[in-house]
file protein-v8.txt (compact mmCIF, C-alpha atoms)
# COMPACT_ATOMS: atom_id res chain seq x y z
CA MET W 1 -33.93 -3.62 -1.32
CA PRO W 2 -32.24 -6.88 -0.34
CA HIS W 3 -31.37 -9.24 -3.16
CA GLU W 4 -33.55 -12.34 -3.12
CA ARG W 5 -31.20 -14.70 -4.94
CA PRO W 6 -28.11 -16.31 -3.44
CA LEU W 7 -24.88 -14.53 -4.30
CA LEU W 8 -21.66 -16.13 -5.54
CA LEU W 9 -18.77 -13.89 -4.51
CA LEU W 10 -15.62 -14.45 -6.56
CA THR W 11 -12.46 -12.83 -5.22
CA ARG W 12 -9.74 -14.22 -7.49
CA PRO W 13 -8.21 -12.10 -10.28
CA ARG W 14 -10.73 -11.36 -13.02
CA ALA W 15 -9.62 -13.89 -15.64
CA GLN W 16 -9.68 -16.78 -13.16
CA SER W 17 -12.97 -15.58 -11.67
CA ALA W 18 -14.59 -15.38 -15.11
CA ARG W 19 -13.57 -18.94 -15.90
CA PHE W 20 -14.88 -20.21 -12.57
CA ALA W 21 -18.14 -18.28 -13.03
CA ASP W 22 -18.70 -20.05 -16.35
CA GLU W 23 -18.03 -23.43 -14.74
CA PHE W 24 -20.37 -22.62 -11.86
CA THR W 25 -23.20 -21.54 -14.19
CA ALA W 26 -22.76 -24.64 -16.35
CA ARG W 27 -23.08 -26.78 -13.23
CA PHE W 28 -25.76 -24.95 -11.21
CA GLY W 29 -27.65 -22.79 -13.68
CA THR W 30 -28.55 -19.12 -13.68
CA GLY W 31 -30.49 -18.83 -10.43
CA PHE W 32 -27.63 -17.06 -8.66
CA ASP W 33 -26.24 -13.55 -8.72
CA ILE W 34 -22.50 -13.54 -9.43
CA LEU W 35 -20.30 -10.74 -8.14
CA THR W 36 -16.61 -10.55 -9.04
CA ALA W 37 -14.55 -8.50 -6.60
CA PRO W 38 -10.85 -9.39 -6.79
CA VAL W 39 -8.88 -8.94 -3.58
CA MET W 40 -5.57 -9.27 -5.42
CA GLU W 41 -4.09 -7.88 -8.61
CA ILE W 42 -1.30 -9.84 -10.30
CA VAL W 43 1.69 -7.62 -11.08
CA PRO W 44 4.32 -9.49 -13.15
CA GLU W 45 8.01 -8.71 -12.75
CA ALA W 46 9.59 -7.49 -15.98
CA ASP W 47 13.23 -8.45 -15.32
CA PRO W 48 14.82 -11.14 -17.52
CA ILE W 49 15.28 -14.55 -15.92
CA PRO W 50 18.57 -16.32 -16.79
CA LEU W 51 18.54 -20.10 -16.89
CA ASP W 52 22.26 -20.82 -16.65
CA GLY W 53 22.75 -24.08 -14.76
CA VAL W 54 19.02 -24.76 -14.40
CA ALA W 55 17.91 -28.33 -15.13
CA ALA W 56 14.13 -28.06 -14.58
CA LEU W 57 11.45 -25.57 -13.59
CA ILE W 58 8.84 -25.62 -10.82
CA PHE W 59 5.56 -23.74 -11.16
CA THR W 60 3.02 -23.46 -8.36
CA SER W 61 0.49 -21.26 -10.19
CA GLU W 62 -0.77 -20.31 -13.63
CA ASN W 63 0.31 -16.75 -12.89
CA GLY W 64 3.88 -17.96 -12.45
CA VAL W 65 3.77 -19.65 -15.85
CA ALA W 66 2.44 -16.52 -17.54
CA ALA W 67 4.93 -14.19 -15.86
CA PHE W 68 7.90 -16.40 -16.67
CA ALA W 69 6.81 -17.05 -20.26
CA ALA W 70 6.47 -13.31 -20.87
CA VAL W 71 10.16 -12.62 -20.19
CA GLN W 72 11.91 -15.90 -21.10
CA PRO W 73 11.42 -17.50 -24.56
CA ASP W 74 13.26 -20.74 -23.70
CA ARG W 75 10.82 -23.68 -23.51
CA SER W 76 13.40 -26.48 -23.44
CA LEU W 77 13.26 -27.24 -19.70
CA HIS W 78 10.72 -29.59 -18.15
CA ALA W 79 8.14 -27.98 -15.88
CA TRP W 80 7.04 -29.60 -12.61
CA CYS W 81 3.63 -28.17 -11.76
CA VAL W 82 1.54 -28.11 -8.60
CA GLY W 83 -1.66 -29.26 -10.34
CA GLU W 84 -3.38 -29.97 -13.64
CA ARG W 85 -4.51 -26.39 -14.23
CA THR W 86 -0.97 -25.08 -13.85
CA ALA W 87 0.39 -27.90 -16.00
CA ASP W 88 -2.17 -27.12 -18.71
CA ALA W 89 -1.03 -23.49 -18.67
CA ALA W 90 2.60 -24.60 -18.95
CA ARG W 91 1.81 -26.90 -21.88
CA ALA W 92 -0.15 -24.15 -23.61
CA ALA W 93 2.94 -21.93 -23.24
CA GLY W 94 5.09 -24.59 -24.91
CA PHE W 95 6.60 -26.56 -22.03
CA THR W 96 6.50 -30.26 -21.35
CA ALA W 97 4.95 -30.55 -17.90
CA THR W 98 4.21 -32.97 -15.08
CA ALA W 99 1.23 -32.26 -12.81
CA SER W 100 0.93 -33.08 -9.12
CA GLU W 101 -2.30 -33.20 -7.12
CA GLY W 102 -2.72 -29.53 -6.30
CA THR W 103 -0.67 -28.88 -3.15
CA ALA W 104 2.93 -27.99 -2.36
CA GLU W 105 3.14 -31.21 -0.34
CA THR W 106 2.18 -33.46 -3.26
CA LEU W 107 4.54 -31.55 -5.55
CA VAL W 108 7.46 -32.15 -3.18
CA ARG W 109 6.41 -35.80 -2.84
CA ASP W 110 6.37 -36.31 -6.62
CA LEU W 111 9.70 -34.59 -7.12
CA ALA W 112 11.22 -36.72 -4.36
CA ALA W 113 9.91 -39.87 -6.04
CA ALA W 114 11.14 -38.87 -9.52
CA GLY W 115 14.50 -37.58 -8.30
CA PRO W 116 15.38 -35.19 -11.14
CA SER W 117 19.06 -34.25 -11.17
CA GLY W 118 20.50 -30.78 -11.42
CA MET W 119 19.33 -27.43 -10.14
CA LEU W 120 15.61 -26.72 -9.90
CA LEU W 121 14.21 -23.20 -10.30
CA HIS W 122 10.93 -22.43 -8.51
CA LEU W 123 9.10 -19.56 -10.22
CA ARG W 124 6.54 -18.21 -7.80
CA GLY W 125 4.57 -15.26 -6.49
CA GLU W 126 5.58 -13.00 -3.64
CA HIS W 127 3.11 -14.85 -1.41
CA ALA W 128 2.99 -18.64 -1.71
CA ALA W 129 1.52 -21.51 0.28
CA GLY W 130 3.95 -24.11 1.56
CA ASP W 131 7.75 -24.10 1.60
CA VAL W 132 8.75 -25.88 -1.58
CA LYS W 133 12.35 -24.69 -1.43
CA GLY W 134 12.81 -25.60 2.23
CA ASP W 135 11.23 -29.01 1.86
CA LEU W 136 13.24 -29.92 -1.26
CA THR W 137 16.48 -28.59 0.20
CA ALA W 138 15.93 -30.82 3.23
CA LEU W 139 15.64 -33.78 0.84
CA GLY W 140 18.97 -32.97 -0.78
CA PHE W 141 17.82 -31.14 -3.90
CA GLU W 142 19.58 -28.10 -5.29
CA ILE W 143 16.89 -25.46 -5.72
CA GLU W 144 16.61 -21.71 -6.17
CA THR W 145 13.51 -19.53 -6.14
CA ARG W 146 12.59 -16.48 -8.17
CA VAL W 147 9.62 -14.21 -7.49
CA VAL W 148 8.13 -13.51 -10.93
CA TYR W 149 4.95 -11.72 -9.86
CA ARG W 150 3.50 -9.88 -6.92
CA GLN W 151 -0.05 -10.00 -5.56
CA ALA W 152 -1.12 -6.46 -4.75
CA ALA W 153 -4.06 -6.34 -2.33
CA LEU W 154 -7.25 -4.69 -3.56
CA PRO W 155 -10.03 -3.30 -1.32
CA PHE W 156 -13.70 -4.12 -1.62
CA GLY W 157 -15.85 -1.17 -2.59
CA ALA W 158 -18.80 -0.10 -0.47
CA ASP W 159 -21.12 -1.58 -3.09
CA VAL W 160 -19.54 -5.02 -2.68
CA LEU W 161 -19.90 -4.93 1.10
CA ALA W 162 -23.53 -3.85 0.73
CA ARG W 163 -24.34 -6.63 -1.74
CA VAL W 164 -22.82 -9.26 0.53
CA ALA W 165 -24.64 -7.92 3.59
CA GLN W 166 -28.00 -7.88 1.79
CA ALA W 167 -27.81 -11.29 0.08
CA PRO W 168 -29.89 -14.09 1.63
CA LEU W 169 -26.79 -16.28 1.28
CA THR W 170 -23.30 -15.54 -0.05
CA LEU W 171 -21.40 -18.48 -1.48
CA LEU W 172 -17.73 -17.74 -0.89
CA PRO W 173 -15.15 -20.04 -2.49
CA LEU W 174 -11.62 -19.30 -1.26
CA PHE W 175 -8.60 -20.64 -3.11
CA SER W 176 -5.58 -19.56 -1.03
CA PRO W 177 -4.68 -18.68 2.55
CA ARG W 178 -3.83 -15.13 1.56
CA SER W 179 -7.17 -14.55 -0.16
CA ALA W 180 -8.89 -15.96 2.93
CA ARG W 181 -7.04 -13.50 5.15
CA LEU W 182 -7.74 -10.54 2.86
CA VAL W 183 -11.44 -11.33 2.42
CA GLY W 184 -11.91 -12.06 6.11
CA ALA W 185 -10.32 -8.77 7.11
CA GLN W 186 -12.48 -6.80 4.70
CA LEU W 187 -15.75 -8.43 5.72
CA GLY W 188 -14.87 -7.90 9.40
CA ASP W 189 -18.09 -7.89 11.42
CA SER W 190 -20.39 -7.94 8.38
CA PRO W 191 -23.84 -9.45 9.05
CA ALA W 192 -23.43 -11.53 5.88
CA ARG W 193 -24.76 -15.08 5.82
CA LEU W 194 -21.74 -16.88 4.40
CA ALA W 195 -21.42 -20.37 2.96
CA LEU W 196 -17.66 -20.76 3.14
CA VAL W 197 -15.95 -23.13 0.71
CA PRO W 198 -12.18 -23.29 1.35
CA MET W 199 -9.90 -25.18 -1.01
CA SER W 200 -7.66 -26.70 1.68
CA PRO W 201 -7.19 -26.95 5.45
CA ALA W 202 -4.62 -24.13 5.23
CA VAL W 203 -7.27 -21.88 3.67
CA THR W 204 -9.76 -22.79 6.40
CA ALA W 205 -7.17 -22.00 9.09
CA ALA W 206 -6.47 -18.58 7.55
CA TRP W 207 -10.11 -17.45 7.78
CA THR W 208 -10.73 -14.84 10.49
CA GLY W 209 -13.88 -13.25 9.07
CA PRO W 210 -17.52 -13.64 10.14
CA ALA W 211 -18.56 -17.11 11.27
CA PRO W 212 -20.18 -18.87 8.30
CA VAL W 213 -23.64 -20.41 8.47
CA VAL W 214 -22.15 -23.42 6.72
CA LEU W 215 -18.57 -24.57 6.09
CA CYS W 216 -17.98 -26.98 3.20
CA PRO W 217 -14.28 -27.62 2.56
CA ALA W 218 -13.27 -29.05 -0.81
CA ALA W 219 -12.27 -32.71 -0.75
CA ARG W 220 -9.32 -31.98 -3.06
CA PRO W 221 -7.50 -28.79 -4.01
CA ASP W 222 -8.92 -28.48 -7.53
CA GLY W 223 -11.73 -26.77 -9.41
CA PRO W 224 -14.11 -29.76 -9.72
CA ALA W 225 -13.86 -30.42 -5.98
CA MET W 226 -14.59 -26.75 -5.29
CA LEU W 227 -17.74 -27.03 -7.41
CA ASP W 228 -18.72 -30.19 -5.54
CA ALA W 229 -18.30 -28.37 -2.22
CA LEU W 230 -20.36 -25.42 -3.47
CA GLY W 231 -23.10 -27.86 -4.38
CA GLU W 232 -23.01 -29.22 -0.84
CA ALA W 233 -23.15 -25.69 0.54
CA ILE W 234 -26.16 -24.83 -1.61
CA THR W 235 -27.96 -27.94 -0.40
CA THR W 236 -27.12 -27.73 3.30
CA ALA W 237 -27.15 -24.00 4.08
CA PRO W 238 -29.96 -23.26 6.54
CA ALA W 239 -32.82 -21.08 5.35
CA SER W 240 -32.60 -17.44 6.38

call {"tool": "encode", "arguments": {"input": "protein-v8.txt", "output": "structure tokens"}}
result
Amino acid sequence: MPHERPLLLLTRPRAQSARFADEFTARFGTGFDILTAPVMEIVPEADPIPLDGVAALIFTSENGVAAFAAVQPDRSLHAWCVGERTADAARAAGFTATASEGTAETLVRDLAAAGPSGMLLHLRGEHAAGDVKGDLTALGFEIETRVVYRQAALPFGADVLARVAQAPLTLLPLFSPRSARLVGAQLGDSPARLALVPMSPAVTAAWTGPAPVVLCPAARPDGPAMLDALGEAITTAPAS
């Protein structure tokens, strides 16, 4: 039997999806089915990370903070972070941190304005949006990168594909270009009625899945803006 309630499909790793599900329910109530189906599994690297000659750190995800903190006890270096959520994770791990506005571009802009001296170390995942190292190198900074975790792709099960196909509307927030590509490839030619909510223009551009019935990009690359865009999608999606 088809499900009668709209479906919120969460495809981030489970801990991040659980947090977002709580925020969504607090904002919009319990009249939605919520299905968590991660398309990536975070696999931290276990190798030690030396900090000889490093003057400051760059983090572009919470996962980078967690992976680095697990293998390096030193918290003396300042952390430049892509957004508030990543900066909060860095502070919780014991770093002093500066937050940018959620994109690689704003992070590079803020570092260029502050002009920290010495070598910067960007701690990142195997797949990352933007070219922080290339952009900062072009501005004259000394910077190295270190991959501290990998994002292993996970397939949807048949049950997930069936739930999405049967839902009267599937709300689909997408937080990265890679997750957009992975989800789009797995949904393929699904008959799903999708309300697509991408976090950034790069995420929108990476989508190659079924055409959505409504597209509501977030105004900013952060959680509150994603919730705002989901609210718009709920309001404007055409009736089935």

call {"tool": "closest_residue", "arguments": {"input": "protein-v8.txt", "among": "W:Pro168, W:Pro48, W:Pro210, W:Pro173", "to": "W:Leu9", "atoms": "only C-alpha atoms"}}
result
W:Pro173

call {"tool": "atom_distance", "arguments": {"input": "protein-v8.txt", "atom1": "atom CA of W:Ala99", "atom2": "atom CA of W:Thr60"}}
result
10.0 Å

call {"tool": "closest_residue", "arguments": {"input": "protein-v8.txt", "among": "W:Ala112, W:Leu77, W:Leu161, W:Ile42", "to": "W:Phe141", "atoms": "only C-alpha atoms"}}
result
W:Ala112

call {"tool": "residues_around", "arguments": {"input": "protein-v8.txt", "residues": "W:Val197", "least_positions_apart": "5", "cutoff": "10 Å", "atoms": "all atoms listed in the file", "output": "ChimeraX atom specification"}}
result
/W:171-175,203-204,212,214-218,226-233

call {"tool": "closest_residue", "arguments": {"input": "protein-v8.txt", "among": "W:Leu187, W:Leu57, W:Ile143, W:Leu51", "to": "W:Ala158", "atoms": "only C-alpha atoms"}}
result
W:Leu187

call {"tool": "atom_distance", "arguments": {"input": "protein-v8.txt", "atom1": "atom CA of W:Ala185", "atom2": "atom CA of W:Lys133"}}
result
29.0 Å

call {"tool": "atom_distance", "arguments": {"input": "protein-v8.txt", "atom1": "atom CA of W:Phe28", "atom2": "atom CA of W:Ser200"}}
result
22.3 Å
